[in-house]
Every structure is written in structure tokens, then in C-alpha cells.
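K.L.:
To be precise about what I am sending: the file is called coords.tsv and holds TSV, C-alpha atoms and all ligand atoms.
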```tsv
chain	number	residue	atom	x	y	z
A	1	ARG	CA	0.00	0.00	0.00
A	2	ARG	CA	2.84	2.34	0.82
A	3	ARG	CA	4.45	1.61	-2.52
A	4	GLU	CA	1.20	2.38	-4.34
A	5	ALA	CA	0.80	5.61	-2.39
A	6	LEU	CA	4.34	6.60	-3.30
A	7	VAL	CA	3.78	5.92	-7.00
A	8	ARG	CA	0.50	7.90	-6.87
A	9	ARG	CA	2.26	10.80	-5.24
A	10	GLN	CA	5.07	10.73	-7.78
A	11	ARG	CA	2.53	10.83	-10.61
A	12	GLN	CA	0.86	13.82	-8.96
A	13	LEU	CA	4.19	15.59	-8.77
A	14	GLU	CA	4.97	14.74	-12.41
A	15	ARG	CA	1.76	16.46	-13.41
A	16	LEU	CA	3.18	19.69	-11.95
A	17	ARG	CA	5.89	19.80	-14.60
A	18	GLY	CA	4.18	22.34	-16.85
A	19	VAL	CA	2.47	24.26	-14.02
A	20	PRO	CA	4.18	27.61	-13.30
A	21	ALA	CA	5.31	28.00	-9.69
A	22	ALA	CA	3.14	30.75	-8.18
A	23	THR	CA	1.71	31.32	-4.72
A	24	ARG	CA	-2.07	31.38	-4.19
A	25	ASP	CA	-1.87	35.18	-4.21
A	26	ALA	CA	-0.23	35.00	-7.66
A	27	VAL	CA	3.41	35.77	-6.89
A	28	ARG	CA	5.57	34.01	-9.43
A	29	ILE	CA	8.60	32.11	-8.12
A	30	SER	CA	11.39	30.90	-10.39
A	31	LEU	CA	12.59	27.35	-9.70
A	32	GLN	CA	15.92	26.23	-11.08
A	33	CYS	CA	18.19	23.23	-10.66
A	34	ASN	CA	21.65	22.66	-9.20
A	35	LEU	CA	23.79	20.27	-11.24
A	36	GLU	CA	26.85	18.45	-9.97
A	37	LEU	CA	27.16	16.20	-13.02
A	38	PRO	CA	26.06	16.71	-16.62
A	39	THR	CA	24.05	13.47	-16.40
A	40	GLU	CA	21.63	15.28	-14.06
A	41	LEU	CA	20.55	17.55	-16.89
A	42	ALA	CA	17.89	15.10	-18.12
A	43	LEU	CA	16.15	15.10	-14.74
A	44	ALA	CA	16.33	18.91	-14.53
A	45	ARG	CA	14.50	19.07	-17.87
A	46	GLN	CA	12.03	16.43	-16.78
A	47	VAL	CA	10.96	18.33	-13.65
A	48	GLY	CA	10.57	21.55	-15.64
A	49	ALA	CA	13.50	23.57	-14.23
A	50	GLU	CA	13.53	27.16	-15.46
A	51	GLY	CA	17.30	27.13	-15.79
A	52	VAL	CA	20.40	25.87	-14.04
A	53	GLY	CA	20.91	28.07	-10.99
A	54	LEU	CA	24.21	26.40	-10.08
A	55	LEU	CA	26.46	24.20	-12.17
A	56	ARG	CA	29.25	23.03	-9.88
A	57	SER	CA	32.22	22.75	-12.26
A	58	GLU	CA	34.22	20.52	-9.88
A	59	PHE	CA	33.17	17.35	-11.76
A	60	LEU	CA	35.60	18.31	-14.53
A	61	TYR	CA	38.51	18.02	-12.10
A	62	MET	CA	37.51	14.92	-10.15
A	63	ASN	CA	38.78	11.34	-10.52
A	64	ARG	CA	41.71	12.21	-12.76
A	65	ASP	CA	45.40	13.06	-12.50
A	66	THR	CA	45.58	15.83	-15.08
A	67	LEU	CA	43.76	19.15	-15.31
A	68	PRO	CA	40.93	19.51	-17.84
A	69	THR	CA	41.80	21.60	-20.90
A	70	GLU	CA	39.90	24.65	-22.12
A	71	ASP	CA	38.49	22.61	-25.04
A	72	GLU	CA	37.26	19.89	-22.71
A	73	GLN	CA	35.56	22.40	-20.42
A	74	TYR	CA	34.09	24.29	-23.37
A	75	ALA	CA	32.59	21.05	-24.74
A	76	ALA	CA	31.04	20.17	-21.36
A	77	PHE	CA	29.60	23.69	-20.81
A	78	LYS	CA	28.32	23.91	-24.39
A	79	ASP	CA	26.41	20.61	-24.04
A	80	ILE	CA	24.67	21.84	-20.90
A	81	VAL	CA	23.88	25.29	-22.30
A	82	GLU	CA	22.45	23.73	-25.46
A	83	GLY	CA	20.63	21.08	-23.43
A	84	MET	CA	18.76	23.77	-21.49
A	85	GLU	CA	17.33	25.14	-24.75
A	86	GLY	CA	17.30	28.86	-24.10
A	87	GLU	CA	17.03	28.74	-20.29
A	88	THR	CA	19.86	30.39	-18.36
A	89	VAL	CA	22.74	28.24	-17.15
A	90	THR	CA	24.77	29.59	-14.22
A	91	ILE	CA	28.25	28.10	-14.19
A	92	ARG	CA	30.36	28.45	-11.07
A	93	THR	CA	34.14	28.56	-11.27
A	94	LEU	CA	36.06	25.85	-9.50
A	95	ASP	CA	35.24	25.37	-5.81
A	96	VAL	CA	37.72	22.77	-4.57
A	97	GLY	CA	39.40	22.69	-1.20
A	98	SER	CA	37.72	22.09	2.16
A	99	ASP	CA	35.01	19.42	1.71
A	100	LYS	CA	35.54	19.19	-2.05
A	101	LEU	CA	38.68	17.31	-3.08
A	102	ALA	CA	40.29	16.82	-6.47
A	103	TYR	CA	43.54	14.92	-6.90
A	104	SER	CA	44.35	16.74	-10.12
A	105	LEU	CA	44.89	19.85	-7.99
A	106	GLY	CA	46.92	18.17	-5.26
A	107	GLU	CA	50.17	19.93	-6.14
A	108	HIS	CA	48.55	23.36	-5.72
A	109	ILE	CA	46.97	22.86	-2.30
A	110	SER	CA	49.14	22.12	0.75
A	111	PRO	CA	47.61	20.46	3.80
A	112	SER	CA	46.01	23.01	6.09
A	113	VAL	CA	44.94	22.86	9.73
A	114	ASN	CA	41.68	24.59	8.78
A	115	PRO	CA	41.00	23.69	5.13
A	116	ALA	CA	37.58	25.41	5.18
A	117	LEU	CA	39.38	28.65	6.01
A	118	GLY	CA	42.27	27.95	3.70
A	119	LEU	CA	43.06	27.91	0.02
A	120	ARG	CA	39.71	26.98	-1.52
A	121	ALA	CA	37.36	28.16	-4.24
A	122	ILE	CA	38.08	31.64	-5.68
A	123	ARG	CA	41.21	31.93	-3.53
A	124	LEU	CA	42.76	29.01	-5.40
A	125	SER	CA	41.57	30.29	-8.80
A	126	LEU	CA	43.16	33.68	-8.12
A	127	LYS	CA	46.40	32.15	-6.86
A	128	VAL	CA	46.81	29.72	-9.77
A	129	SER	CA	45.66	32.09	-12.46
A	130	THR	CA	45.77	29.51	-15.27
A	131	LEU	CA	42.87	27.73	-13.54
A	132	LEU	CA	40.73	30.85	-13.73
A	133	ASP	CA	41.84	31.88	-17.23
A	134	THR	CA	41.06	28.42	-18.64
A	135	GLN	CA	37.59	28.34	-17.09
A	136	LEU	CA	36.69	31.90	-18.09
A	137	ALA	CA	37.72	31.25	-21.70
A	138	ALA	CA	35.71	27.99	-21.79
A	139	MET	CA	32.66	29.79	-20.38
A	140	LEU	CA	32.97	32.71	-22.79
A	141	ARG	CA	33.14	30.30	-25.73
A	142	ALA	CA	30.14	28.32	-24.45
A	143	SER	CA	28.19	31.58	-24.05
A	144	ALA	CA	27.84	31.71	-27.84
A	145	HIS	CA	25.50	28.71	-27.64
A	146	GLY	CA	22.85	29.94	-25.20
A	147	LYS	CA	22.26	31.97	-22.05
A	148	LEU	CA	25.17	31.61	-19.65
A	149	ARG	CA	26.06	33.41	-16.42
A	150	ILE	CA	29.35	33.16	-14.53
A	151	LEU	CA	29.31	32.65	-10.75
A	152	LEU	CA	32.23	33.03	-8.31
A	153	PRO	CA	32.40	30.95	-5.10
A	154	MET	CA	33.56	32.15	-1.64
A	155	ILE	CA	33.88	35.82	-2.50
A	156	ASN	CA	34.58	38.07	0.48
A	157	SER	CA	35.79	41.33	-0.94
A	158	ALA	CA	35.46	43.71	-3.87
A	159	SER	CA	39.13	43.29	-4.76
A	160	GLU	CA	38.56	39.60	-5.51
A	161	ILE	CA	35.74	40.48	-7.91
A	162	LYS	CA	37.84	43.19	-9.54
A	163	ARG	CA	40.64	40.72	-10.19
A	164	VAL	CA	38.19	38.37	-11.90
A	165	HIS	CA	36.83	41.28	-13.98
A	166	GLU	CA	40.39	41.98	-15.13
A	167	ALA	CA	40.99	38.33	-16.02
A	168	LEU	CA	37.66	38.23	-17.84
A	169	GLY	CA	38.49	41.38	-19.82
A	170	LYS	CA	41.80	39.85	-20.91
A	171	ALA	CA	40.13	36.55	-21.89
A	172	VAL	CA	37.54	38.45	-23.97
A	173	LYS	CA	40.29	40.36	-25.79
A	174	ARG	CA	42.28	37.19	-26.43
A	175	LEU	CA	39.27	35.36	-27.87
A	176	ALA	CA	38.09	38.38	-29.87
A	177	ARG	CA	41.52	38.63	-31.52
A	178	LYS	CA	41.08	35.03	-32.68
A	179	ARG	CA	37.53	35.86	-33.82
A	180	VAL	CA	36.01	33.32	-31.46
A	181	ALA	CA	32.22	33.68	-31.04
A	182	MET	CA	30.94	34.88	-27.62
A	183	SER	CA	27.54	36.08	-26.43
A	184	ASP	CA	26.61	39.72	-26.93
A	185	PRO	CA	26.16	41.11	-24.32
A	186	LEU	CA	28.88	39.18	-22.51
A	187	PRO	CA	27.85	36.82	-19.67
A	188	GLU	CA	26.84	38.38	-16.37
A	189	LEU	CA	29.22	37.93	-13.45
A	190	GLY	CA	27.70	37.06	-10.08
A	191	ILE	CA	29.00	36.10	-6.66
A	192	MET	CA	28.07	33.53	-4.06
A	193	ILE	CA	27.10	35.06	-0.74
A	194	GLU	CA	28.30	32.24	1.49
A	195	THR	CA	30.44	33.81	4.17
A	196	PRO	CA	29.21	36.14	6.93
A	197	GLY	CA	31.68	38.73	5.62
A	198	ALA	CA	30.10	38.72	2.17
A	199	ALA	CA	26.58	38.82	3.61
A	200	LEU	CA	27.40	41.76	5.89
A	201	ALA	CA	29.14	43.65	3.08
A	202	ALA	CA	26.54	42.68	0.45
A	203	ASP	CA	25.48	46.32	-0.06
A	204	THR	CA	28.98	47.32	-1.12
A	205	LEU	CA	29.72	44.11	-3.04
A	206	SER	CA	26.58	44.72	-5.12
A	207	ASN	CA	28.44	47.57	-6.85
A	208	PHE	CA	30.90	45.13	-8.39
A	209	CYS	CA	28.75	42.29	-9.70
A	210	ASP	CA	25.56	41.59	-11.64
A	211	TYR	CA	23.77	39.24	-9.24
A	212	PHE	CA	23.99	37.35	-5.94
A	213	SER	CA	23.51	33.67	-5.22
A	214	ILE	CA	23.14	32.88	-1.52
A	215	GLY	CA	24.87	29.64	-0.50
A	216	THR	CA	23.32	28.65	2.80
A	217	ASN	CA	25.39	25.45	3.12
A	218	ASP	CA	28.61	27.37	3.66
A	219	LEU	CA	26.91	30.44	5.13
A	220	THR	CA	25.52	28.29	7.96
A	221	MET	CA	28.89	26.61	8.52
A	222	TYR	CA	30.89	29.83	8.66
A	223	THR	CA	28.33	31.81	10.66
A	224	LEU	CA	28.03	29.17	13.38
A	225	ALA	CA	31.62	27.90	13.11
A	226	ALA	CA	30.23	24.35	12.75
A	227	ASP	CA	31.78	22.17	10.05
A	228	ARG	CA	29.10	21.10	7.54
A	229	GLY	CA	30.80	17.71	7.17
A	230	ASP	CA	31.51	16.91	10.81
A	231	GLU	CA	28.99	14.61	12.41
A	232	GLN	CA	30.17	15.56	15.91
A	233	VAL	CA	28.91	19.11	15.53
A	234	ALA	CA	25.94	18.32	13.26
A	235	HIS	CA	23.57	19.39	16.06
A	236	LEU	CA	25.13	22.88	15.96
A	237	TYR	CA	24.75	23.21	12.20
A	238	ASP	CA	21.38	24.93	12.12
A	239	PRO	CA	20.15	27.01	9.18
A	240	LEU	CA	17.28	28.25	11.38
A	241	HIS	CA	19.68	30.01	13.74
A	242	PRO	CA	18.63	33.68	13.89
A	243	ALA	CA	22.11	34.80	12.80
A	244	VAL	CA	21.86	32.78	9.57
A	245	LEU	CA	18.35	34.06	8.86
A	246	ARG	CA	19.40	37.66	9.45
A	247	LEU	CA	22.29	37.29	7.04
A	248	ILE	CA	20.00	35.81	4.37
A	249	ARG	CA	17.57	38.66	4.89
A	250	SER	CA	20.17	41.40	4.77
A	251	ALA	CA	21.84	40.01	1.62
A	252	THR	CA	18.42	39.71	-0.06
A	253	GLN	CA	17.55	43.28	0.92
A	254	ALA	CA	20.95	44.55	-0.27
A	255	ALA	CA	20.29	42.99	-3.68
A	256	GLY	CA	16.82	44.58	-3.76
A	257	ASN	CA	18.22	48.01	-2.86
A	258	ALA	CA	20.91	47.69	-5.53
A	259	GLY	CA	18.40	46.45	-8.10
A	260	ILE	CA	20.29	43.24	-8.87
A	261	PRO	CA	18.82	39.71	-8.95
A	262	VAL	CA	19.35	37.35	-6.03
A	263	ASN	CA	18.72	33.64	-5.76
A	264	LEU	CA	19.35	31.03	-3.11
A	265	CYS	CA	21.04	27.75	-4.06
A	266	GLY	CA	21.94	26.08	-0.74
A	267	GLU	CA	20.18	22.89	0.42
A	268	MET	CA	17.53	25.03	2.17
A	269	ALA	CA	16.11	25.89	-1.26
A	270	GLY	CA	15.24	22.25	-1.94
A	271	ASN	CA	13.46	21.53	1.34
A	272	PRO	CA	9.75	22.45	1.33
A	273	ARG	CA	9.95	22.93	5.09
A	274	PHE	CA	11.85	26.19	4.48
A	275	THR	CA	9.96	27.47	1.43
A	276	ALA	CA	7.50	29.77	3.26
A	277	LEU	CA	10.34	31.27	5.29
A	278	LEU	CA	12.56	31.90	2.26
A	279	LEU	CA	9.72	33.59	0.38
A	280	GLY	CA	8.90	35.56	3.53
A	281	LEU	CA	12.53	36.75	3.61
A	282	GLY	CA	12.06	38.15	0.11
A	283	LEU	CA	13.49	35.45	-2.15
A	284	ARG	CA	11.73	34.78	-5.46
A	285	ASP	CA	14.30	32.60	-7.15
A	286	LEU	CA	15.40	29.23	-5.75
A	287	SER	CA	17.80	26.63	-7.13
A	288	MET	CA	17.90	23.04	-5.89
A	289	SER	CA	18.76	19.49	-6.85
A	290	ALA	CA	16.26	18.25	-9.42
A	291	PRO	CA	14.47	15.55	-7.37
A	292	ASN	CA	13.41	18.21	-4.84
A	293	LEU	CA	11.88	20.64	-7.32
A	294	PRO	CA	8.35	19.17	-7.61
A	295	ARG	CA	7.85	19.09	-3.83
A	296	VAL	CA	9.00	22.70	-3.46
A	297	LYS	CA	6.71	23.73	-6.32
A	298	GLN	CA	3.78	21.99	-4.65
A	299	ARG	CA	4.50	23.87	-1.44
A	300	ILE	CA	4.53	27.19	-3.31
A	301	LEU	CA	1.22	26.41	-5.01
A	302	GLY	CA	-0.40	25.92	-1.60
A	303	LEU	CA	1.07	29.07	-0.03
A	304	GLU	CA	-0.42	32.51	0.53
A	305	LEU	CA	2.61	34.80	0.38
A	306	ALA	CA	1.00	37.42	2.64
A	307	ASP	CA	0.63	34.77	5.39
A	308	ALA	CA	4.21	33.58	4.89
A	309	VAL	CA	5.46	37.16	5.26
A	310	LYS	CA	3.53	37.62	8.51
A	311	ARG	CA	4.87	34.38	9.96
A	312	THR	CA	8.41	35.30	8.85
A	313	GLU	CA	8.11	38.62	10.69
A	314	GLN	CA	7.23	36.72	13.89
A	315	ILE	CA	10.10	34.33	13.28
A	316	MET	CA	12.60	37.15	12.80
A	317	GLU	CA	11.77	38.51	16.26
A	318	GLN	CA	12.85	35.26	17.96
A	319	SER	CA	16.18	34.56	19.55
A	320	ASP	CA	15.84	30.79	19.92
A	321	SER	CA	16.07	28.52	16.90
A	322	GLY	CA	13.90	25.90	18.65
A	323	VAL	CA	11.07	28.46	18.86
A	324	ILE	CA	11.73	29.41	15.24
A	325	ALA	CA	11.47	25.76	14.18
A	326	THR	CA	8.15	25.40	16.04
A	327	LEU	CA	6.72	28.59	14.54
A	328	LEU	CA	7.73	27.40	11.07
A	329	ASP	CA	6.50	23.83	11.46
A	330	ASP	CA	3.16	24.99	12.95
A	331	PHE	CA	2.70	27.32	9.99
A	332	ASN	CA	3.53	24.55	7.54
A	333	ALA	CA	1.04	22.23	9.23
A	334	LEU	CA	-1.73	24.85	8.89
A	335	GLU	CA	-1.42	25.40	5.18
A	401	LIG	C1	26.46	26.56	-0.55
A	401	LIG	O1	27.51	26.69	0.09
A	401	LIG	O2	25.33	26.74	-0.07
A	401	LIG	C2	26.49	26.12	-1.96
A	401	LIG	C3	25.41	26.09	-2.70
A	401	LIG	O3	27.69	25.72	-2.47
A	401	LIG	P1	28.35	24.29	-2.17
A	401	LIG	O4	27.33	23.44	-1.48
A	401	LIG	O5	28.75	23.77	-3.50
A	401	LIG	O6	29.50	24.67	-1.30
A	402	MG	MG	29.39	26.76	-0.97
```
Show me this structure written as C-alpha cells.

P.N.:
Amino acid sequence: RRREALVRRQRQLERLRGVPAATRDAVRISLQCNLELPTELALARQVGAEGVGLLRSEFLYMNRDTLPTEDEQYAAFKDIVEGMEGETVTIRTLDVGSDKLAYSLGEHISPSVNPALGLRAIRLSLKVSTLLDTQLAAMLRASAHGKLRILLPMINSASEIKRVHEALGKAVKRLARKRVAMSDPLPELGIMIETPGAALAADTLSNFCDYFSIGTNDLTMYTLAADRGDEQVAHLYDPLHPAVLRLIRSATQAAGNAGIPVNLCGEMAGNPRFTALLLGLGLRDLSMSAPNLPRVKQRILGLELADAVKRTEQIMEQSDSGVIATLLDDFNALE
């Protein structure tokens, strides 16, 4: 009986594929997919994703001894951009180090006492500039085949973004000299907001980039100083902690004030338990792993945004994440 119920429920969710995600009071929400591997593209299409909100480019570097070439990366990005048939694909530059390992990069990263605070993500790409240059060129070339945006992980300061802008400008010139096709206008450049520093400085960082993507997986870890991969402190890793929620809210408001788009692509986006809260905090664009998308869409279809906003206001006055969890779960049970 349980199996039959599950199949019935899956069929119901499949029927949502072509239904636009909108709340009962007609606020449209954009739902996109996170991809870790190109093979996940088929499922993203199947669930009706309105784009790829986060393509983690680490897969290109994993399980191999040599670094991927520009041509290899271009071919992989092009396939995904073409596969999304006109929907935007957001490709993030390499984010290895900390919890994400790649042997092909071993020689560039020395062991660190605190790898999560060490040479990872954009820090590595800026240190080993060939890594960044190769990826930017591959992305620029792939941009000729569809809508592509570039996303930078672990940004903390404007100077990091400026250095990427410089590298991007040089890559554009180099490709233009060789008459290589690129999109016109050139791809937008966005940043992950996934450290407390970036969230607190979001208003100033907005002057240097085209959009924000809030990464709650790392934001929660760094805000609460609780390793996202360490079972021993798993009970301290709590995305409902008021500090995490305040940072999400202030980054979302900073984007609104600056008039740039903002989306959220951490695991919170794919859990219907958090949907009302995220919409209440002002988010209208969520990116998640494909299997979660139908359940989040169903939650949105049953939600009255005005009620979610009211409940979020109550939640934001609380100091205890246990009370926050109860307020959220009670609200979810009502709807
Ligand atoms: C995040 O940190 O929330 C995020 C989406 O990036 P990743 O999980 O790849 O670190
Ligand atoms: Mg992250």
C-alpha cells in the first residue's frame, strides 16, 4: 500500500511539470536546478526547471590526474547550455578545497589545519591564475551557444571580484583577436554570498557584480563555526539560527536596494519545510537538486505569500532557533 501511495504521489508531482510556480496570491517564483554532473541535466529538464541556478564545475577536475583543458571544459559547458534550450545556465568557477577534493589539484593545495578557512574556491583560482583563465575562456566560448552566467564561489571582498573582472576582460580580448564567437552582451558575473563577511558587506559588493547567489550550506557553517561535514557538531549546524536568517535577509535586501537579482542555491532551497520562510525573507528565485523541485513547487502552489510574510516577521523577532522551528512547522502544518 505504501508503494502504491508513493507511485501515486510521484505521478501527482509529475503532473506539476508544466504548471508555473506561483503562490495562491499570484506571486511568481522561479525554480531552477543545481547540477553536480552533466548526467543530471535530463532530470532537470524532466521536472521543468527554469534554468540551471548552479552548475558546480568541480566534476571536470575529479577522478583524474591531469587538469581539464579549455576545449574539454568548453565542450562540457556547451552541451549543458544547449541542453537547457534557451534557459539560463549559471556556471560556477572551480570550488575545490575544504570538503571538495580533487587529486588533479593536489600539487597546488598544501595540507592546512583549517582547510575550510584555507586555500579553496576563488582563492585558489586567483592564486593559480591559469585555472581561472582556462575556465573563463571555456565559459565565454560556451556563451555563444545559449544563455550563460558566470558565478564566483567564496567571494569576500570587492578586490577579488575586480581581479576576476580583469581576467575576464583579458580573456575576452584574447578570444576576440582570434575571432572566437561569444555572447553579446557578454555573460553576467555574479558572486556567491556564502560567508558572513560577504553577507554583511553585500550592499557594497553589489556595486561590483551583476547578481547574488546565496549559498546557505557554507553560510551556515561559517556563521556558526560548525563544520558542515563533521557529524560531531551536526547538532550545531542549524540554518534556522537567527544569525543565519538575518544574514540571508540582509543580503536579499541589499540585492533589492541595488536592483540586482538574487537567488538562493543552498540545500535550504530544496526543502519544502523552508519554502515559506525563504519567500517571507524576500526570495523569489530558488535553485535546488532536481528531485526536490516538484515538492517545493507543490508547497509554493499551496502558499499565501502574505501569510508567509507575517509568519516570517514573527520568526525574525525570535532569539531561539527551537522556537523558530516550532513557529515554522506549525505554519507549515496549517497550510
Ligand atoms: C552553498 O555553500 O550553499 C552552496 C550552494 O555551495 P556548495 O554546497 O557547493 O559549497
Ligand atoms: Mg558553498

K.L.:
Which one of A:Pro38, A:Gly83, A:Gly259, A:Pro294 sits closest to Asp203 of chain A if you count all atoms listed in the file?

P.N.:
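Ranking A:Pro38, A:Gly83, A:Gly259, A:Pro294 by distance to Asp203 of chain A, first place goes to A:Gly259.
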
K.L.:
For ligand LIG 401 (chain A), collect every residue having any atom at a distance of at most 10 Å from a ligand atom (counting only C-alpha atoms and all ligand atoms); output as an NGL selection string.

P.N.:
:A and (34-36 or 53-58 or 92 or 94-96 or 98-100 or 121 or 153-154 or 192-195 or 213-222 or 228 or 264-269 or 287-288)

K.L.:
Just the residues within 9 Å of Ala75 of chain A, please, counting all atoms listed in the file, with nothing from its chain fewer than 5 positions along; format it as a ChimeraX atom specification.

P.N.:
/A:70,80,138,142

K.L.:
Just give me the gap between atom CA of His241 of chain A and atom CA of Ile260 of chain A in Å, one decimal is fine.

P.N.:
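Taking atom CA of His241 of chain A as the start and atom CA of Ile260 of chain A as the end point, the length is 26.2 Å.
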
K.L.:
Report the distance between atom CA of His235 of chain A and atom CA of Glu317 of chain A in Å, rounded to one decimal place.

P.N.:
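Atom CA of Glu317 of chain A lies at a distance of 22.5 Å from atom CA of His235 of chain A.
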
K.L.:
Env of Ser129 of chain A: 12 Å cut, atoms = all atoms listed in the file, seq-sep filter 2 positions within chain, self excluded. Answer as a list in words.

P.N.:
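With the cut-off at 12 Å, the set is Leu94, His108, Ile122, Arg123, Leu124, Ser125, Leu126, Lys127, Leu131, Leu132, Asp133, Thr134, Gln135, Leu136, Arg163, Val164, Glu166, Ala167, Leu168 and Ala171 of chain A.
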
K.L.:
Record the distance separating atom CA of Leu236 of chain A and atom CA of Gly322 of chain A, expressed in Å with one decimal.

P.N.:
11.9 Å

K.L.:
Draw an axis-aligned box over all listed atoms of segment 105-109 of chain A, pad each side with 6 Å, and write its centre and edge lengths in Å, one decimal, as AutoDock Vina command-line options.

P.N.:
```
--center_x 47.5 --center_y 20.8 --center_z -5.1 --size_x 17.3 --size_y 17.2 --size_z 17.7
```

K.L.:
Write out as a PyMOL selection string each polymer residue whose atoms come within 8 Å of segment 13-19 of chain A, counting all atoms listed in the file; drop sequence neighbours fewer than 4 positions from it.

P.N.:
chain A and resi 9+46-48+294-295+297-298

K.L.:
Would you write out those residues with C-alpha atoms, as a PDB file, in the frame of the given file?

P.N.:
```
ATOM      1  CA  ARG A   9       2.260  10.800  -5.240  1.00  0.00           C
ATOM      2  CA  GLN A  46      12.030  16.430 -16.780  1.00  0.00           C
ATOM      3  CA  VAL A  47      10.960  18.330 -13.650  1.00  0.00           C
ATOM      4  CA  GLY A  48      10.570  21.550 -15.640  1.00  0.00           C
ATOM      5  CA  PRO A 294       8.350  19.170  -7.610  1.00  0.00           C
ATOM      6  CA  ARG A 295       7.850  19.090  -3.830  1.00  0.00           C
ATOM      7  CA  LYS A 297       6.710  23.730  -6.320  1.00  0.00           C
ATOM      8  CA  GLN A 298       3.780  21.990  -4.650  1.00  0.00           C
TER       9      GLN A 298
END
```

K.L.:
Can you work out which one of A:Thr326, A:Thr66, A:Thr204, A:Thr23 has the shortest atom-to-atom distance to Arg299 of chain A, counting only C-alpha atoms?

P.N.:
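Among the listed residues, A:Thr23 lies closest to Arg299 of chain A.
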
K.L.:
From the options A:Ile155, A:Met316, A:Ala225, A:Ala251, which residue's atoms come nearest to ligand MG 402 (chain A), counting only C-alpha atoms and all ligand atoms?

P.N.:
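Using only C-alpha atoms and all ligand atoms, ligand MG 402 (chain A) sits closest to A:Ile155.
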
K.L.:
May I ask which of the residues A:Arg246, A:Gly97, A:Gln314, A:Asp329 is the closest one to Tyr61 of chain A, counting all atoms listed in the file?

P.N.:
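For Tyr61 of chain A, the nearest of the given residues is A:Gly97.
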
K.L.:
Could you model all heavy atoms for segment 101-108 of chain A and present them as an mmCIF file, in the coordinates of the input?

P.N.:
```cif
data_model
loop_
_atom_site.group_PDB
_atom_site.id
_atom_site.type_symbol
_atom_site.label_atom_id
_atom_site.label_comp_id
_atom_site.auth_asym_id
_atom_site.auth_seq_id
_atom_site.Cartn_x
_atom_site.Cartn_y
_atom_site.Cartn_z
ATOM 1 N N LEU A 101 37.304 17.674 -2.776
ATOM 2 C CA LEU A 101 38.680 17.310 -3.080
ATOM 3 C C LEU A 101 38.838 16.951 -4.554
ATOM 4 O O LEU A 101 37.928 16.440 -5.173
ATOM 5 C CB LEU A 101 39.079 16.100 -2.235
ATOM 6 C CG LEU A 101 38.904 16.299 -0.731
ATOM 7 C CD1 LEU A 101 39.102 14.985 0.003
ATOM 8 C CD2 LEU A 101 39.860 17.355 -0.214
ATOM 9 N N ALA A 102 39.999 17.237 -5.097
ATOM 10 C CA ALA A 102 40.290 16.820 -6.470
ATOM 11 C C ALA A 102 41.780 16.541 -6.551
ATOM 12 O O ALA A 102 42.595 17.426 -6.316
ATOM 13 C CB ALA A 102 39.883 17.912 -7.451
ATOM 14 N N TYR A 103 42.119 15.302 -6.879
ATOM 15 C CA TYR A 103 43.540 14.920 -6.900
ATOM 16 C C TYR A 103 44.323 15.680 -7.959
ATOM 17 O O TYR A 103 45.489 15.946 -7.809
ATOM 18 C CB TYR A 103 43.668 13.402 -7.132
ATOM 19 C CG TYR A 103 43.077 12.646 -5.972
ATOM 20 C CD1 TYR A 103 41.930 11.881 -6.124
ATOM 21 C CD2 TYR A 103 43.648 12.753 -4.708
ATOM 22 C CE1 TYR A 103 41.371 11.221 -5.044
ATOM 23 C CE2 TYR A 103 43.098 12.104 -3.623
ATOM 24 C CZ TYR A 103 41.959 11.333 -3.791
ATOM 25 O OH TYR A 103 41.405 10.709 -2.722
ATOM 26 N N SER A 104 43.633 16.047 -9.044
ATOM 27 C CA SER A 104 44.350 16.740 -10.120
ATOM 28 C C SER A 104 44.903 18.086 -9.641
ATOM 29 O O SER A 104 45.732 18.686 -10.302
ATOM 30 C CB SER A 104 43.430 16.936 -11.332
ATOM 31 O OG SER A 104 42.270 17.647 -10.968
ATOM 32 N N LEU A 105 44.428 18.556 -8.491
ATOM 33 C CA LEU A 105 44.890 19.850 -7.990
ATOM 34 C C LEU A 105 45.815 19.714 -6.791
ATOM 35 O O LEU A 105 46.225 20.701 -6.199
ATOM 36 C CB LEU A 105 43.684 20.700 -7.599
ATOM 37 C CG LEU A 105 42.959 21.233 -8.831
ATOM 38 C CD1 LEU A 105 41.527 21.543 -8.505
ATOM 39 C CD2 LEU A 105 43.669 22.467 -9.339
ATOM 40 N N GLY A 106 46.131 18.469 -6.454
ATOM 41 C CA GLY A 106 46.920 18.170 -5.260
ATOM 42 C C GLY A 106 48.160 19.026 -5.135
ATOM 43 O O GLY A 106 48.463 19.538 -4.058
ATOM 44 N N GLU A 107 48.895 19.203 -6.226
ATOM 45 C CA GLU A 107 50.170 19.930 -6.140
ATOM 46 C C GLU A 107 49.978 21.402 -5.776
ATOM 47 O O GLU A 107 50.894 22.073 -5.331
ATOM 48 C CB GLU A 107 50.942 19.813 -7.454
ATOM 49 C CG GLU A 107 50.187 20.438 -8.595
ATOM 50 C CD GLU A 107 51.018 20.544 -9.872
ATOM 51 O OE1 GLU A 107 52.105 21.122 -9.800
ATOM 52 O OE2 GLU A 107 50.543 20.058 -10.917
ATOM 53 N N HIS A 108 48.776 21.939 -5.985
ATOM 54 C CA HIS A 108 48.550 23.360 -5.720
ATOM 55 C C HIS A 108 48.064 23.646 -4.305
ATOM 56 O O HIS A 108 48.081 24.776 -3.855
ATOM 57 C CB HIS A 108 47.523 23.939 -6.705
ATOM 58 C CG HIS A 108 47.981 23.875 -8.126
ATOM 59 N ND1 HIS A 108 49.068 24.571 -8.580
ATOM 60 C CD2 HIS A 108 47.485 23.199 -9.184
ATOM 61 C CE1 HIS A 108 49.232 24.326 -9.867
ATOM 62 N NE2 HIS A 108 48.286 23.488 -10.262
#
```
